[in-house]
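Here's input_0.cif, which has mmCIF, C-alpha atoms:
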```cif
data_final
loop_
_atom_site.label_atom_id
_atom_site.label_comp_id
_atom_site.auth_asym_id
_atom_site.auth_seq_id
_atom_site.Cartn_x
_atom_site.Cartn_y
_atom_site.Cartn_z
CA MET A 1 -28.30 -9.35 11.01
CA LYS A 2 -26.15 -8.31 13.92
CA GLY A 3 -24.26 -10.08 16.66
CA VAL A 4 -25.86 -11.49 19.76
CA GLU A 5 -26.22 -8.95 22.49
CA SER A 6 -27.47 -8.77 25.98
CA THR A 7 -28.35 -5.47 27.55
CA GLY A 8 -26.90 -6.88 30.75
CA VAL A 9 -24.22 -9.52 30.80
CA PRO A 10 -25.69 -12.51 32.61
CA ALA A 11 -24.15 -12.75 36.02
CA GLN A 12 -21.85 -15.72 36.56
CA GLN A 13 -24.01 -17.05 39.30
CA ASP A 14 -22.88 -19.75 41.64
CA LEU A 15 -24.02 -23.10 40.42
CA ASP A 16 -27.31 -24.35 41.75
CA ASP A 17 -27.18 -27.51 43.85
CA GLU A 18 -28.52 -29.78 41.14
CA SER A 19 -25.99 -28.58 38.55
CA ARG A 20 -23.12 -28.90 41.00
CA GLU A 21 -24.23 -32.43 41.80
CA TRP A 22 -24.39 -33.41 38.13
CA LEU A 23 -20.92 -32.05 37.46
CA GLY A 24 -19.53 -33.78 40.53
CA ARG A 25 -21.02 -37.13 39.62
CA LEU A 26 -19.93 -36.90 35.99
CA ALA A 27 -16.38 -36.03 37.07
CA ALA A 28 -16.21 -38.91 39.54
CA VAL A 29 -14.60 -42.24 38.77
CA GLY A 30 -16.00 -45.72 38.66
CA GLY A 31 -19.54 -46.61 39.59
CA GLU A 32 -20.69 -43.13 40.56
CA ARG A 33 -19.80 -41.75 37.16
CA GLN A 34 -21.34 -44.69 35.33
CA ALA A 35 -24.57 -44.28 37.28
CA ALA A 36 -24.67 -40.56 36.45
CA GLU A 37 -24.09 -41.27 32.77
CA ARG A 38 -26.84 -43.89 32.75
CA GLU A 39 -29.25 -41.48 34.42
CA LEU A 40 -28.38 -38.63 32.07
CA HIS A 41 -28.73 -40.89 29.02
CA ALA A 42 -32.12 -42.12 30.22
CA ARG A 43 -33.27 -38.52 30.59
CA LEU A 44 -31.99 -37.63 27.12
CA VAL A 45 -33.87 -40.57 25.60
CA ARG A 46 -37.07 -39.51 27.37
CA ILE A 47 -36.71 -35.90 26.19
CA ALA A 48 -35.86 -36.97 22.64
CA LEU A 49 -38.85 -39.32 22.42
CA ALA A 50 -41.16 -36.58 23.69
CA GLU A 51 -39.66 -34.11 21.23
CA VAL A 52 -40.01 -36.29 18.11
CA ARG A 53 -43.63 -37.00 19.06
CA ARG A 54 -44.27 -33.29 19.55
CA ARG A 55 -42.91 -32.67 16.04
CA SER A 56 -44.52 -35.68 14.38
CA ALA A 57 -47.14 -33.59 12.57
CA SER A 58 -44.48 -31.55 10.78
CA THR A 59 -42.23 -34.38 9.57
CA PRO A 60 -42.77 -37.24 7.13
CA VAL A 61 -40.80 -39.46 9.52
CA THR A 62 -43.15 -41.82 11.36
CA GLY A 63 -43.45 -44.87 13.60
CA ARG A 64 -40.37 -46.90 14.39
CA GLU A 65 -38.13 -44.56 12.42
CA LEU A 66 -39.23 -41.67 14.62
CA ASP A 67 -38.24 -43.62 17.73
CA ASP A 68 -34.91 -44.50 16.07
CA VAL A 69 -34.29 -40.80 15.45
CA ALA A 70 -34.91 -40.12 19.14
CA HIS A 71 -32.52 -42.84 20.31
CA GLN A 72 -29.82 -41.72 17.85
CA ALA A 73 -30.28 -38.11 18.95
CA ALA A 74 -29.94 -39.08 22.62
CA ALA A 75 -26.81 -41.15 21.93
CA ASP A 76 -25.13 -38.40 19.91
CA ALA A 77 -26.12 -35.74 22.43
CA MET A 78 -24.63 -37.85 25.22
CA VAL A 79 -21.30 -38.08 23.40
CA ALA A 80 -21.28 -34.33 22.76
CA ILE A 81 -22.19 -33.46 26.34
CA LEU A 82 -19.42 -35.60 27.81
CA ALA A 83 -16.91 -34.19 25.32
CA LYS A 84 -17.91 -30.60 26.12
CA LEU A 85 -18.39 -30.76 29.88
CA GLY A 86 -15.45 -28.38 30.24
CA ASP A 87 -17.30 -25.79 28.17
CA PHE A 88 -20.19 -25.54 30.64
CA ARG A 89 -19.84 -22.14 32.27
CA GLY A 90 -22.78 -22.17 34.61
CA GLU A 91 -24.74 -19.54 32.70
CA SER A 92 -27.78 -21.80 32.89
CA ARG A 93 -28.73 -24.86 34.85
CA PHE A 94 -26.64 -27.85 33.80
CA ILE A 95 -29.68 -29.84 32.71
CA THR A 96 -30.90 -27.00 30.45
CA TRP A 97 -27.45 -26.85 28.86
CA ALA A 98 -27.47 -30.64 28.39
CA TYR A 99 -31.01 -30.85 27.01
CA ARG A 100 -30.13 -28.21 24.42
CA PHE A 101 -27.82 -30.78 22.79
CA VAL A 102 -30.56 -33.38 22.43
CA ILE A 103 -33.15 -30.90 21.13
CA LEU A 104 -30.73 -29.67 18.44
CA GLU A 105 -29.82 -33.27 17.55
CA VAL A 106 -33.51 -34.07 17.06
CA SER A 107 -33.85 -31.11 14.68
CA SER A 108 -30.80 -32.06 12.70
CA LYS A 109 -31.70 -35.75 12.44
CA LEU A 110 -35.30 -35.06 11.42
CA GLY A 111 -33.88 -32.84 8.67
CA ARG A 112 -31.71 -35.67 7.37
CA HIS A 113 -34.42 -38.33 7.67
CA TYR A 114 -36.85 -36.14 5.69
CA TRP A 115 -35.19 -37.33 2.51
CA ARG A 116 -35.97 -41.02 3.12
CA HIS A 117 -39.62 -40.38 2.26
CA PRO A 118 -39.73 -36.79 0.94
CA PRO A 119 -43.28 -35.56 0.32
CA VAL A 120 -41.80 -32.85 -1.91
CA ALA A 121 -38.67 -33.20 -4.02
CA LEU A 122 -35.93 -30.61 -4.01
CA ASP A 123 -36.42 -28.25 -6.99
CA ALA A 124 -40.12 -29.14 -7.29
CA GLU A 125 -40.84 -25.44 -7.94
CA GLN A 126 -44.50 -25.55 -6.92
CA TRP A 127 -45.15 -21.89 -7.63
CA GLU A 128 -48.86 -22.58 -7.99
CA ARG A 129 -48.94 -23.37 -4.28
CA LEU A 130 -47.35 -20.09 -3.19
CA PRO A 131 -50.73 -18.48 -2.31
CA ASP A 132 -51.43 -21.37 0.06
CA ARG A 133 -48.01 -20.95 1.64
CA PHE A 134 -48.94 -17.40 2.54
CA GLY A 135 -52.41 -18.48 3.65
CA ILE A 136 -54.11 -16.37 0.97
CA ASP A 137 -57.85 -16.87 0.70
CA PRO A 138 -58.49 -18.84 -2.56
CA ALA A 139 -61.32 -16.43 -3.39
CA SER A 140 -58.83 -13.58 -3.71
CA HIS A 141 -56.05 -15.32 -5.64
CA ALA A 142 -56.79 -13.20 -8.73
CA GLU A 143 -56.30 -9.96 -6.77
CA TRP A 144 -52.92 -11.28 -5.67
CA ALA A 145 -51.66 -12.06 -9.16
CA GLY A 146 -49.53 -8.91 -9.35
CA ILE A 147 -47.92 -9.47 -5.96
CA LEU A 148 -47.17 -13.13 -6.65
CA ALA A 149 -45.73 -12.26 -10.05
CA GLU A 150 -43.47 -9.67 -8.41
CA ILE A 151 -42.28 -12.20 -5.83
CA ARG A 152 -41.40 -14.59 -8.63
CA ARG A 153 -39.68 -11.85 -10.63
CA VAL A 154 -37.46 -10.97 -7.65
CA ALA A 155 -36.61 -14.65 -7.16
CA ASP A 156 -35.76 -15.05 -10.84
CA GLU A 157 -33.92 -11.78 -11.40
CA GLU A 158 -32.46 -10.60 -8.09
CA LEU A 159 -31.32 -13.84 -6.47
CA THR A 160 -28.33 -15.89 -7.51
CA GLU A 161 -29.04 -19.42 -8.69
CA HIS A 162 -27.96 -20.77 -5.29
CA GLN A 163 -30.13 -18.25 -3.39
CA ARG A 164 -33.10 -18.88 -5.65
CA ARG A 165 -32.83 -22.64 -5.17
CA ILE A 166 -32.92 -22.26 -1.39
CA PHE A 167 -35.73 -19.68 -1.44
CA VAL A 168 -37.89 -21.86 -3.69
CA ALA A 169 -37.22 -24.97 -1.59
CA VAL A 170 -38.09 -23.30 1.72
CA VAL A 171 -40.72 -20.71 0.84
CA VAL A 172 -42.35 -22.00 -2.36
CA ASP A 173 -42.11 -25.76 -1.82
CA GLY A 174 -42.35 -25.61 1.97
CA ILE A 175 -39.48 -28.03 2.60
CA PRO A 176 -38.28 -27.77 6.23
CA VAL A 177 -35.20 -25.60 6.65
CA ASP A 178 -33.25 -28.39 8.36
CA ALA A 179 -34.06 -30.77 5.51
CA VAL A 180 -32.80 -28.26 2.93
CA ALA A 181 -29.70 -27.70 5.05
CA ALA A 182 -29.05 -31.44 5.25
CA ARG A 183 -29.56 -31.96 1.52
CA LEU A 184 -27.30 -29.08 0.50
CA ASP A 185 -24.77 -29.79 3.26
CA LEU A 186 -25.20 -26.32 4.74
CA ARG A 187 -25.85 -25.08 8.23
CA ARG A 188 -29.32 -23.89 9.20
CA ASN A 189 -27.96 -20.37 9.57
CA ALA A 190 -26.81 -20.30 5.95
CA ILE A 191 -30.32 -21.22 4.77
CA TYR A 192 -31.89 -18.66 7.10
CA LYS A 193 -29.60 -15.90 5.85
CA VAL A 194 -30.52 -16.55 2.23
CA VAL A 195 -34.24 -16.46 3.02
CA PHE A 196 -33.71 -13.38 5.23
CA ASP A 197 -32.06 -11.51 2.35
CA ALA A 198 -34.72 -12.69 -0.09
CA ARG A 199 -37.48 -11.45 2.23
CA ARG A 200 -35.81 -8.03 2.35
CA LYS A 201 -35.47 -7.85 -1.44
CA ILE A 202 -39.04 -8.95 -2.05
CA ARG A 203 -40.40 -6.49 0.48
CA ARG A 204 -38.42 -3.66 -1.11
CA ALA A 205 -39.84 -4.58 -4.53
CA LEU A 206 -43.39 -4.71 -3.18
CA VAL A 207 -42.91 -1.28 -1.57
CA VAL A 208 -41.59 0.19 -4.83
CA ASN A 209 -44.64 -1.17 -6.62
CA GLY A 210 -47.01 0.23 -4.01
CA TYR A 211 -48.23 -3.06 -2.59
CA LEU A 212 -46.70 -2.52 0.86
CA GLU A 213 -45.73 0.48 2.95
CA GLU A 214 -42.16 1.38 3.83
CA GLN A 215 -40.93 -0.48 6.92
CA ARG A 216 -40.72 1.80 9.94
CA MET B 1 -54.98 -10.78 10.59
CA SER B 2 -55.58 -10.11 6.89
CA ASP B 3 -53.76 -11.97 4.12
CA MET B 4 -51.74 -8.82 3.36
CA GLU B 5 -50.75 -8.37 7.00
CA ARG B 6 -49.60 -11.99 7.11
CA LEU B 7 -47.46 -11.52 4.00
CA ASP B 8 -46.09 -8.26 5.39
CA ARG B 9 -45.21 -9.93 8.68
CA PHE B 10 -43.35 -12.70 6.83
CA LEU B 11 -41.38 -10.25 4.71
CA ARG B 12 -40.45 -7.80 7.47
CA THR B 13 -36.91 -8.25 8.74
CA ASP B 14 -35.60 -7.03 12.07
CA PRO B 15 -32.07 -5.56 11.98
CA ARG B 16 -31.54 -6.84 15.54
CA ASP B 17 -32.01 -10.46 14.37
CA VAL B 18 -28.82 -12.35 15.31
CA GLY B 19 -29.40 -15.38 13.09
CA CYS B 20 -29.64 -19.06 13.97
CA GLU B 21 -26.07 -19.76 15.04
CA GLU B 22 -25.85 -17.09 17.70
CA ALA B 23 -29.40 -17.62 18.93
CA LEU B 24 -28.82 -21.36 19.37
CA ALA B 25 -25.50 -20.74 21.14
CA VAL B 26 -27.32 -19.03 24.01
CA LEU B 27 -30.62 -20.90 23.80
CA HIS B 28 -30.09 -22.65 27.16
CA ILE B 29 -29.49 -19.29 28.86
CA TYR B 30 -32.48 -17.74 27.13
CA VAL B 31 -34.70 -20.65 28.19
CA ASP B 32 -33.63 -20.47 31.83
CA LEU B 33 -34.25 -16.72 31.88
CA THR B 34 -37.70 -17.38 30.42
CA VAL B 35 -38.47 -20.08 32.97
CA ASN B 36 -37.40 -17.78 35.78
CA ASP B 37 -39.34 -14.84 34.35
CA GLN B 38 -36.16 -12.77 34.07
CA ASP B 39 -36.88 -10.77 30.91
CA ALA B 40 -35.08 -12.99 28.41
CA ALA B 41 -36.23 -10.82 25.47
CA GLY B 42 -35.04 -7.66 27.19
CA ARG B 43 -31.59 -9.10 27.89
CA TYR B 44 -31.28 -10.72 24.47
CA PRO B 45 -33.31 -8.58 22.05
CA GLY B 46 -31.46 -10.00 19.05
CA VAL B 47 -32.38 -13.54 20.06
CA ALA B 48 -35.99 -12.53 20.69
CA ALA B 49 -36.14 -10.95 17.22
CA HIS B 50 -34.68 -14.09 15.71
CA LEU B 51 -37.07 -16.48 17.43
CA LYS B 52 -40.01 -14.42 16.14
CA ALA B 53 -38.82 -14.83 12.56
CA CYS B 54 -37.20 -18.27 12.45
CA GLY B 55 -39.62 -21.19 12.71
CA PRO B 56 -36.99 -23.91 13.25
CA CYS B 57 -35.18 -22.02 16.02
CA ASP B 58 -38.47 -21.14 17.67
CA GLU B 59 -39.35 -24.84 17.53
CA ASP B 60 -36.06 -25.64 19.29
CA PHE B 61 -36.84 -22.97 21.88
CA SER B 62 -40.31 -24.44 22.50
CA GLY B 63 -38.89 -27.96 22.74
CA LEU B 64 -36.20 -26.97 25.22
CA LEU B 65 -38.65 -24.94 27.26
CA LEU B 66 -41.00 -27.91 27.47
CA ALA B 67 -38.15 -30.27 28.33
CA VAL B 68 -37.02 -28.23 31.33
CA THR B 69 -40.49 -27.46 32.62
CA GLU B 70 -42.04 -30.92 32.26
#
```
Encoding of this model in structure tokens:
Amino acid sequence: MKGVESTGVPAQQDLDDESREWLGRLAAVGGERQAAERELHARLVRIALAEVRRRSASTPVTGRELDDVAHQAAADAMVAILAKLGDFRGESRFITWAYRFVILEVSSKLGRHYWRHPPVALDAEQWERLPDRFGIDPASHAEWAGILAEIRRVADEELTEHQRRIFVAVVVDGIPVDAVAARLDLRRNAIYKVVFDARRKIRRALVVNGYLEEQR
Amino acid sequence: MSDMERLDRFLRTDPRDVGCEEALAVLHIYVDLTVNDQDAAGRYPGVAAHLKACGPCDEDFSGLLLAVTE
């Protein structure tokens, strides 16, 4: 993986009116600032509630706990936004920058809350479900035996124990990346990198064995 | 898409992929460029490659996009 790049550095545009107004109100003193903070917090709560509902089908977290996640995410995002106001450089609208905090908080908190009622345990090693993970037609499972065996061989022989544990959790057992990250106290990026490297190794093995063509 | 094409798509890696940390660091910029139809993928090809491959980051992108366009 390589560093983030832009083919054109985003212009440091003048702030739009709405962003300038937010920054002015949040930098004010007394009632004006308090009103701005209340308004921003209310918006964060609304966005967080909408976001947890949008994701409700892909998390075991439900009902009241889901609403609690949203409120916690909004509260933590609010603290982070106020602490990092000085970091806002006007490369986006202020509200987009602020909402990013609450969206990422929702992801992180849903990852942690997964383990309160986990549908799959860490290290479950449900290799028999791997064909379903790849959406392979049950009628052709037998034809896939060689490919699936090769995937497992790479996991067993070419990944370290740590890498294999993460690959199995995410790809074989289908545990959400953020839940694995929370459980292993790692960042999402660390999990992604392990799976990224595993994908490369598995693909190389499948090419060597004639199952796939060389990547162009 | 056939089963094999789906597996191949999952296993293919893009060398431009910047990873989660760097993609999320500019997600707000990427979203605003998308909203304003300003060729976000062209300006940030590494982020575009990442969002194609990383379900959780793409979910964050979709959530933020929805939040600012509601």
Please tabulate, as JSON lines, the residues of chain B that come within 8 Å of chain A, each with its closest pair of atoms and the distance in Å to one decimal, counting all atoms listed in the file and ordering rows by chain, then residue number upward.
```
{"residue": "B:Asp3", "atom": "CA", "partner": "A:Ile136", "partner_atom": "CA", "distance": 5.4}
{"residue": "B:Arg6", "atom": "CA", "partner": "A:Phe134", "partner_atom": "CA", "distance": 7.1}
{"residue": "B:Leu7", "atom": "CA", "partner": "A:Phe134", "partner_atom": "CA", "distance": 6.2}
{"residue": "B:Asp8", "atom": "CA", "partner": "A:Leu212", "partner_atom": "CA", "distance": 7.3}
{"residue": "B:Phe10", "atom": "CA", "partner": "A:Arg199", "partner_atom": "CA", "distance": 7.6}
{"residue": "B:Leu11", "atom": "CA", "partner": "A:Arg199", "partner_atom": "CA", "distance": 4.8}
{"residue": "B:Arg12", "atom": "CA", "partner": "A:Arg200", "partner_atom": "CA", "distance": 6.9}
{"residue": "B:Thr13", "atom": "CA", "partner": "A:Arg200", "partner_atom": "CA", "distance": 6.5}
{"residue": "B:Asp14", "atom": "CA", "partner": "A:Met1", "partner_atom": "CA", "distance": 7.7}
{"residue": "B:Pro15", "atom": "CA", "partner": "A:Met1", "partner_atom": "CA", "distance": 5.4}
{"residue": "B:Arg16", "atom": "CA", "partner": "A:Lys2", "partner_atom": "CA", "distance": 5.8}
{"residue": "B:Asp17", "atom": "CA", "partner": "A:Met1", "partner_atom": "CA", "distance": 5.1}
{"residue": "B:Val18", "atom": "CA", "partner": "A:Lys2", "partner_atom": "CA", "distance": 5.0}
{"residue": "B:Gly19", "atom": "CA", "partner": "A:Asn189", "partner_atom": "CA", "distance": 6.3}
{"residue": "B:Cys20", "atom": "CA", "partner": "A:Asn189", "partner_atom": "CA", "distance": 4.9}
{"residue": "B:Glu21", "atom": "CA", "partner": "A:Asn189", "partner_atom": "CA", "distance": 5.8}
{"residue": "B:Glu22", "atom": "CA", "partner": "A:Val4", "partner_atom": "CA", "distance": 6.0}
{"residue": "B:Ala23", "atom": "CA", "partner": "A:Val4", "partner_atom": "CA", "distance": 7.1}
{"residue": "B:Leu27", "atom": "CA", "partner": "A:Arg100", "partner_atom": "CA", "distance": 7.4}
{"residue": "B:His28", "atom": "CA", "partner": "A:Trp97", "partner_atom": "CA", "distance": 5.2}
{"residue": "B:Ile29", "atom": "CA", "partner": "A:Ser92", "partner_atom": "CA", "distance": 5.0}
{"residue": "B:Val31", "atom": "CA", "partner": "A:Thr96", "partner_atom": "CA", "distance": 7.7}
{"residue": "B:Asp32", "atom": "CA", "partner": "A:Ser92", "partner_atom": "CA", "distance": 6.1}
{"residue": "B:Gly42", "atom": "CA", "partner": "A:Thr7", "partner_atom": "CA", "distance": 7.0}
{"residue": "B:Arg43", "atom": "CA", "partner": "A:Ser6", "partner_atom": "CA", "distance": 4.6}
{"residue": "B:Tyr44", "atom": "CA", "partner": "A:Ser6", "partner_atom": "CA", "distance": 4.5}
{"residue": "B:Pro45", "atom": "CA", "partner": "A:Ser6", "partner_atom": "CA", "distance": 7.0}
{"residue": "B:Gly46", "atom": "CA", "partner": "A:Val4", "partner_atom": "CA", "distance": 5.8}
{"residue": "B:Val47", "atom": "CA", "partner": "A:Val4", "partner_atom": "CA", "distance": 6.8}
{"residue": "B:Cys54", "atom": "CA", "partner": "A:Tyr192", "partner_atom": "CA", "distance": 7.5}
{"residue": "B:Pro56", "atom": "CA", "partner": "A:Val177", "partner_atom": "CA", "distance": 7.0}
{"residue": "B:Asp60", "atom": "CA", "partner": "A:Ile103", "partner_atom": "CA", "distance": 6.3}
{"residue": "B:Gly63", "atom": "CA", "partner": "A:Glu51", "partner_atom": "CA", "distance": 6.4}
{"residue": "B:Leu64", "atom": "CA", "partner": "A:Arg100", "partner_atom": "CA", "distance": 6.2}
{"residue": "B:Ala67", "atom": "CA", "partner": "A:Ile47", "partner_atom": "CA", "distance": 6.2}
{"residue": "B:Val68", "atom": "CA", "partner": "A:Thr96", "partner_atom": "CA", "distance": 6.3}
```
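Residues in contact range of A:Gln72, defined as at most 10 Å between only C-alpha atoms, with sequence neighbours fewer than 4 positions away removed, read Val45, Ala48, Leu66, Asp67, Asp68, Asp76, Ala77, Met78, Val102, Glu105, Val106 and Lys109 of chain A.
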Any chance you can output those residues with C-alpha atoms as a PDB file, in the frame of the given file?
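Contents of the output file result-v5.pdb:
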```
ATOM      1  CA  VAL A  45     -33.870 -40.570  25.600  1.00  0.00           C
ATOM      2  CA  ALA A  48     -35.860 -36.970  22.640  1.00  0.00           C
ATOM      3  CA  LEU A  66     -39.230 -41.670  14.620  1.00  0.00           C
ATOM      4  CA  ASP A  67     -38.240 -43.620  17.730  1.00  0.00           C
ATOM      5  CA  ASP A  68     -34.910 -44.500  16.070  1.00  0.00           C
ATOM      6  CA  ASP A  76     -25.130 -38.400  19.910  1.00  0.00           C
ATOM      7  CA  ALA A  77     -26.120 -35.740  22.430  1.00  0.00           C
ATOM      8  CA  MET A  78     -24.630 -37.850  25.220  1.00  0.00           C
ATOM      9  CA  VAL A 102     -30.560 -33.380  22.430  1.00  0.00           C
ATOM     10  CA  GLU A 105     -29.820 -33.270  17.550  1.00  0.00           C
ATOM     11  CA  VAL A 106     -33.510 -34.070  17.060  1.00  0.00           C
ATOM     12  CA  LYS A 109     -31.700 -35.750  12.440  1.00  0.00           C
TER      13      LYS A 109
END
```
Specify the axis-aligned box that encloses all atoms of stretch 49-61 of chain B listed in the file after padding of 6 Å on each side, stating its centre and edge lengths in Å to one decimal as JSON.
```
{"center_x": -37.3, "center_y": -18.3, "center_z": 17.2, "size_x": 17.3, "size_y": 26.7, "size_z": 21.4}
```
